[in-house]
Amino acid sequence: MSEAMSVHPEVVTTHDVHHDEHGGGHHKETFISKYIFSMDHKTIGKQFLITGIIWAIIGGLFSVLFRLQLGYPDQSFPILETFFGNWAKGGQIQPEFYYALVTMHGTVLVFFVLTAGLSGTFANILIPLQIGARDMASPMLNMLSYWFFFLASVIMLSSLFIQTGPASGGWTVYPPLSALGQASDGSKLGMDLWLVSMAMFIVSSLLGGLNYISTILNMRTKGMSMTRMPLTIWAMFFTAVLGVLSFPVLLSGAILLLFDRNLGTSFFLSDIVVNGEVLPNEGGSAILFQHLFWFLGHPEVYIILLPAMGMVSEIMSVNSRKPIFGYMAMLGSLFAIAILAFLVWAHHMFVTGLNPFLGSIFVLLTLLIAVPSAIKVFNWLTTLWRGNIRFTPAMLFAIGFVSLFISGGLTGIFLGNSTIDIHLHDTMFVVAHFHIVMGVASFFGMFAGVYHWFPKMFGRYLNNTLGYIHFWVTMVGAYLIFWPMHYEGLAGMPRRYLDKSGWVSFNQFGDLDKMITVVSIIVFAVQLMFVFNFFYSIFKGRKVTTQNPWGANTLEWTTPIRPGHGNWVGEIPEVHRWPYDYGKDGRDFIPQTEPIGANESKH
Amino acid sequence: MDIVTEQRKKLHPHKFTLWVAIASILMMFAGLTSAFIVKSNQANWQGVEEMPKFFWYSTVAILLSSLAIQMALRAFQQREMGKYRSLIATTLVLGVLFIVFQWLGFGELWDQQITFKGAGGGQFLYVIFGLHALHVLGGIIALIVMFIKAFFGKTKTYSSVPVEVAATYWHFVDGLWIYLLVFFLVIG
């Protein structure tokens, strides 16, 4: 190893010479190398974002379709038959179609939008820009990460168009349903495509995660110590660690499931009779799959949530013109959440016959997450407290995130208790809980990020008025959609059911379900308006004229308005302070690049 | 090609990336071997009675290949390119030999009536050893690239980082194989 080290300086210098020549982005770039097979982290981030947006439209549309069924189970919509043919015979959503929609809505939103679209986008764009690096540790792997995601997308999309339809056993694909083609149409080819697509997706997120971690730990500019990093970077770091350690376990589960499906093994199957046929499988354990799935599945919700938390912290501090309250506490709570994320997976399995003693340990660990979560909420609120708040659309979404995180987090305390979970498990209460705390909240973090960093990404602003409409309709709509579901769930209404009108006790919720459906259509329409705003503003938005439009301290605002590959022209700036010196010593903000003054007070 | 700056580095970013990747691969095998342990407590479990003899041959092959790549790395660092080339070639051959032995070992298992049917640990063996072999195959592809560069490359490279990365990965799949073998001998 020591011999290896001595070679190092040599390597680095050759690279340096190379980049002093080309650092400003004067590579000869063709259309293909600049926009398609690009190795520039900013372009790759935009590719993730736009692919994510397309998936979000598809996944959102699916939810509107199954909400039609849930709100109006008896009504027929002839237009659905026009578009979906046999899937909506007579204008009625068929059971197989309904389950396919629910499954794909979950898969698409959880993985393709809120994992790839969220952390893929912002980790790529923000990590090198905010730590002061010219690009990722390995731009090549980074490009491959996007193209594996693209491949996964193509496979998943193609499964929507095959005759037997896409996977339809729920996004958690529990065997034996998902393992046996005889059991349902969605468990035929669609399920194989699902598994292969997810395998590609896992490869993509591992390649991405590896890069994010080694970039953050190895490529920081001079003076950028770990505790001078913006909280966005810390959040992306923990997200990547979670992904790198938990996605491989899902991969192993997916591989075993592929074997069970296609080669007749019995990893998850035992003693099954399907349609009168006795299957030879024995000795398998369906619960084993749940363990493997949720060992990823639980960290996954933090993979989704942590980037939103990081961006919200940053945006909130910038727009309150105040330092983030309790930087070290924020960091510590991110760390605590990342650790606890690995120790709570069995709280998804309280009703599988889990040993109640083991269950009580998981209850304890689950409820422990309330501590770091509460610390974060407290710090966000105290950051807002007596701040000089600028209500930009990004800031509104950041505040909305905190509101949703509180109300969705509180219902987590109900569900985390194994005894109450016996009543609430698989009811609409669960749907309400995770949509608010993980789905909508992370979406809000993502929107906040898009509105805030759009000027950096495209050199133009998003339209503010449309931004405000987007925020208020989405905020009010999210509560109108998901709040009533708590009541339905408390009354015992199950999730995933096609038609509940057979139960007299649920008839009281008929009008409520109609209302939810109408609101979700409105909210979906407003998201389309956001998509319009996004693409319109890329080309026609108001131009950014100053380098630092928000008056922010972090390094990305020291780059040119439209940075080339390599980010900074000339030297990478040196960092002298933490990123949250707002409203200090009578100054509005002090960028990280400014040396500490002689008479400066401590933060 | 990649853009590296004058930042202080304790470990080359590519090496660091490799270590994180190793942690990630380990998690996958941890998932699989813990699945094995969980399932071995289920009904109708049959352990693997006898490890095929080819798995012992493959163990010898991969251990020797690890030695060869370590010597290749040293030769590269001492600029003895002729020795480096022949050692890389040796590693490559031993790596391919390992895969062949694994394949023959699978055949032997299959002949012992350990197939995909039933509830035994044999099925796990195919999956886990098969995935390990895939990782070795990945290493072989990397070695082939290095081999081609060593023989036909026009540009002279003095950086030993790629060789070091390859060597570390190769030692890792070697160590992983030993772990899996011991795991199956003790628990299977």
# chains A, B, ... in the order shown; residues from 1 in each chain; ligands from 1
$ residues_around --residues "Leu358 (chain A)" --least-positions-apart "3" --cutoff "12 Å" --atoms "only C-alpha atoms" --output "list in words"
Leu343, Val344, Trp345, Ala346, His347, Met349, Phe350, Gly353, Leu354, Asn355, Ile361, Phe362, Val363, Leu364, Leu365 and Ser418 of chain A
$ residues_around --residues "Trp45 (chain B)" --least-positions-apart "2" --cutoff "8 Å" --atoms "only C-alpha atoms" --output "PyMOL selection string"
(chain A and resi 283) or (chain B and resi 39-43+47+119-121)
$ select_by_dssp --residues "region 37-82 of chain B" --states "helix (DSSP H, G or I)" --output "PyMOL selection string"
chain B and resi 37-40+53-77+81-82
$ residues_around --residues "Trp177 (chain B)" --least-positions-apart "6" --cutoff "12 Å" --atoms "only C-alpha atoms" --output "number ranges by chain"
B: 26, 29, 55-56, 58-63, 66, 98-99, 102, 128-136, 170-171, 183-184
$ write_last_selection --atoms "C-alpha atoms" --output "tab-separated table (two decimals), in the first residue's frame"
chain	number	residue	atom	x	y	z
B	26	LEU	CA	-21.42	-8.12	1.25
B	29	PHE	CA	-24.57	-12.16	0.50
B	55	PHE	CA	-15.31	-27.01	-5.03
B	56	TRP	CA	-12.03	-27.90	-3.33
B	58	SER	CA	-11.80	-24.30	-7.33
B	59	THR	CA	-10.73	-23.13	-3.87
B	60	VAL	CA	-7.14	-23.94	-4.75
B	61	ALA	CA	-7.50	-22.18	-8.11
B	62	ILE	CA	-8.85	-18.95	-6.65
B	63	LEU	CA	-6.29	-18.90	-3.84
B	66	SER	CA	-5.09	-14.21	-5.63
B	98	PHE	CA	-12.33	-21.39	-11.06
B	99	ILE	CA	-15.53	-20.80	-13.03
B	102	GLN	CA	-17.66	-24.32	-10.12
B	128	ILE	CA	-25.35	-18.24	-3.74
B	129	PHE	CA	-22.40	-19.90	-5.47
B	130	GLY	CA	-23.84	-18.88	-8.82
B	131	LEU	CA	-24.04	-15.22	-7.79
B	132	HIS	CA	-20.52	-15.43	-6.45
B	133	ALA	CA	-19.37	-16.87	-9.77
B	134	LEU	CA	-21.04	-13.92	-11.52
B	135	HIS	CA	-18.96	-11.57	-9.39
B	136	VAL	CA	-15.83	-13.51	-10.32
B	170	TRP	CA	-9.98	-10.04	-6.76
B	171	HIS	CA	-8.89	-10.63	-3.16
B	183	PHE	CA	-20.49	-21.12	5.89
B	184	PHE	CA	-21.82	-24.12	4.01
$ closest_residue --among "A:Ile125, A:Met156, A:Ile57, A:Ala240" --to "chain B" --atoms "only C-alpha atoms"
A:Ala240
$ select_by_dssp --residues "region 188-423 of chain A" --states "strand (DSSP E)" --output "number ranges by chain"
A: 273-274, 277-278
$ closest_atom_pairs --of "chain A" --to "chain B" --cutoff "6 Å" --atoms "only C-alpha atoms" --output "tab-separated table"
residue	atom	partner	partner_atom	distance
A:Ala137	CA	B:Pro13	CA	5.9
A:Leu210	CA	B:Thr17	CA	5.7
A:Ser214	CA	B:Thr17	CA	5.6
A:Thr221	CA	B:Gln7	CA	5.9
A:Val244	CA	B:Ser24	CA	5.4
A:Leu245	CA	B:Ser24	CA	5.3
A:Pro248	CA	B:Met28	CA	4.5
A:Val249	CA	B:Met28	CA	4.9
A:Ser252	CA	B:Met28	CA	5.8
A:Thr265	CA	B:Phe116	CA	4.8
A:Glu282	CA	B:Ala119	CA	5.6
A:Gly283	CA	B:Ala119	CA	4.9
$ closest_residue --among "A:Leu118, A:Val64, A:Ile58, A:Ser205" --to "Ile481 (chain A)" --atoms "only C-alpha atoms"
A:Val64
$ residues_around --residues "Ala166 (chain B)" --least-positions-apart "4" --cutoff "8 Å" --atoms "only C-alpha atoms" --output "ChimeraX atom specification"
/B:139,142-143,162,170
$ write_last_selection --atoms "N, CA and C atoms" --output "mmCIF file, in the first residue's frame"
data_model
loop_
_atom_site.group_PDB
_atom_site.id
_atom_site.type_symbol
_atom_site.label_atom_id
_atom_site.label_comp_id
_atom_site.auth_asym_id
_atom_site.auth_seq_id
_atom_site.Cartn_x
_atom_site.Cartn_y
_atom_site.Cartn_z
ATOM 1 N N GLY B 139 -14.975 -9.768 -12.410
ATOM 2 C CA GLY B 139 -13.546 -9.562 -12.221
ATOM 3 C C GLY B 139 -12.757 -10.019 -13.434
ATOM 4 N N ALA B 142 -12.879 -7.472 -16.124
ATOM 5 C CA ALA B 142 -11.940 -6.388 -15.815
ATOM 6 C C ALA B 142 -10.511 -6.817 -16.122
ATOM 7 N N LEU B 143 -10.193 -8.069 -15.784
ATOM 8 C CA LEU B 143 -8.841 -8.568 -16.053
ATOM 9 C C LEU B 143 -8.555 -8.629 -17.548
ATOM 10 N N PRO B 162 -5.482 1.468 -11.197
ATOM 11 C CA PRO B 162 -6.388 0.457 -11.749
ATOM 12 C C PRO B 162 -5.982 -0.966 -11.359
ATOM 13 N N TRP B 170 -10.256 -8.611 -6.585
ATOM 14 C CA TRP B 170 -9.985 -10.035 -6.756
ATOM 15 C C TRP B 170 -9.790 -10.713 -5.398
#
$ closest_residue --among "A:Leu193, A:Met224, A:Ile596, A:Val110" --to "His435 (chain A)" --atoms "only C-alpha atoms"
A:Val110
$ residues_around --residues "Ser333 (chain A)" --least-positions-apart "3" --cutoff "9 Å" --atoms "only C-alpha atoms" --output "CSV table (one decimal) with N, CA and C atoms, in the first residue's frame"
chain,number,residue,atom,x,y,z
A,328,MET,N,-25.7,20.9,14.4
A,328,MET,CA,-25.1,19.6,14.9
A,328,MET,C,-26.3,18.7,15.3
A,329,ALA,N,-27.4,19.3,15.9
A,329,ALA,CA,-28.5,18.4,16.2
A,329,ALA,C,-29.2,17.9,15.0
A,330,MET,N,-29.2,18.7,13.9
A,330,MET,CA,-29.8,18.3,12.7
A,330,MET,C,-29.0,17.1,12.1
A,336,ALA,N,-29.0,9.5,13.5
A,336,ALA,CA,-29.8,8.5,14.3
A,336,ALA,C,-30.9,7.9,13.4
A,337,ILE,N,-31.5,8.7,12.5
A,337,ILE,CA,-32.6,8.1,11.7
A,337,ILE,C,-32.0,7.1,10.8
A,338,ALA,N,-30.8,7.4,10.2
A,338,ALA,CA,-30.2,6.4,9.3
A,338,ALA,C,-29.9,5.1,10.0
A,371,VAL,N,-37.8,10.5,18.4
A,371,VAL,CA,-36.9,11.4,19.0
A,371,VAL,C,-36.2,12.3,18.0
A,372,PRO,N,-35.4,11.6,17.1
A,372,PRO,CA,-34.7,12.5,16.1
A,372,PRO,C,-35.7,13.3,15.2
A,373,SER,N,-36.9,12.7,14.9
A,373,SER,CA,-37.9,13.4,14.1
A,373,SER,C,-38.3,14.6,14.8
A,375,ILE,N,-36.7,16.3,17.1
A,375,ILE,CA,-35.6,17.2,17.1
A,375,ILE,C,-35.6,18.0,15.8
A,376,LYS,N,-35.8,17.3,14.7
A,376,LYS,CA,-35.7,18.0,13.4
A,376,LYS,C,-36.9,19.0,13.3
$ closest_residue --among "A:Ala398, A:Val273, A:Leu250, A:Leu129" --to "Lys456 (chain A)" --atoms "only C-alpha atoms"
A:Leu129
$ atom_distance --atom1 "CA of Pro549 (chain A)" --atom2 "CA of Met39 (chain A)"
27.0 Å
$ atom_distance --atom1 "CA of Val145 (chain B)" --atom2 "CA of Met140 (chain A)"
16.1 Å
$ residues_around --residues "region 381-384 of chain A" --least-positions-apart "5" --cutoff "8 Å" --atoms "only C-alpha atoms" --output "number ranges by chain"
A: 316-317, 320, 322-325, 389
$ residues_around --residues "Leu104 (chain B)" --least-positions-apart "4" --cutoff "7 Å" --atoms "only C-alpha atoms" --output "JSON, numbers by chain"
{"B": [54, 100, 108]}
$ write_last_selection --atoms "C-alpha atoms" --output "PDB file, in the first residue's frame"
ATOM      1  CA  PHE B  54     -14.576 -29.757  -7.517  1.00  0.00           C
ATOM      2  CA  VAL B 100     -15.093 -24.114 -14.853  1.00  0.00           C
ATOM      3  CA  GLU B 108     -21.660 -33.158  -9.442  1.00  0.00           C
TER       4      GLU B 108
END
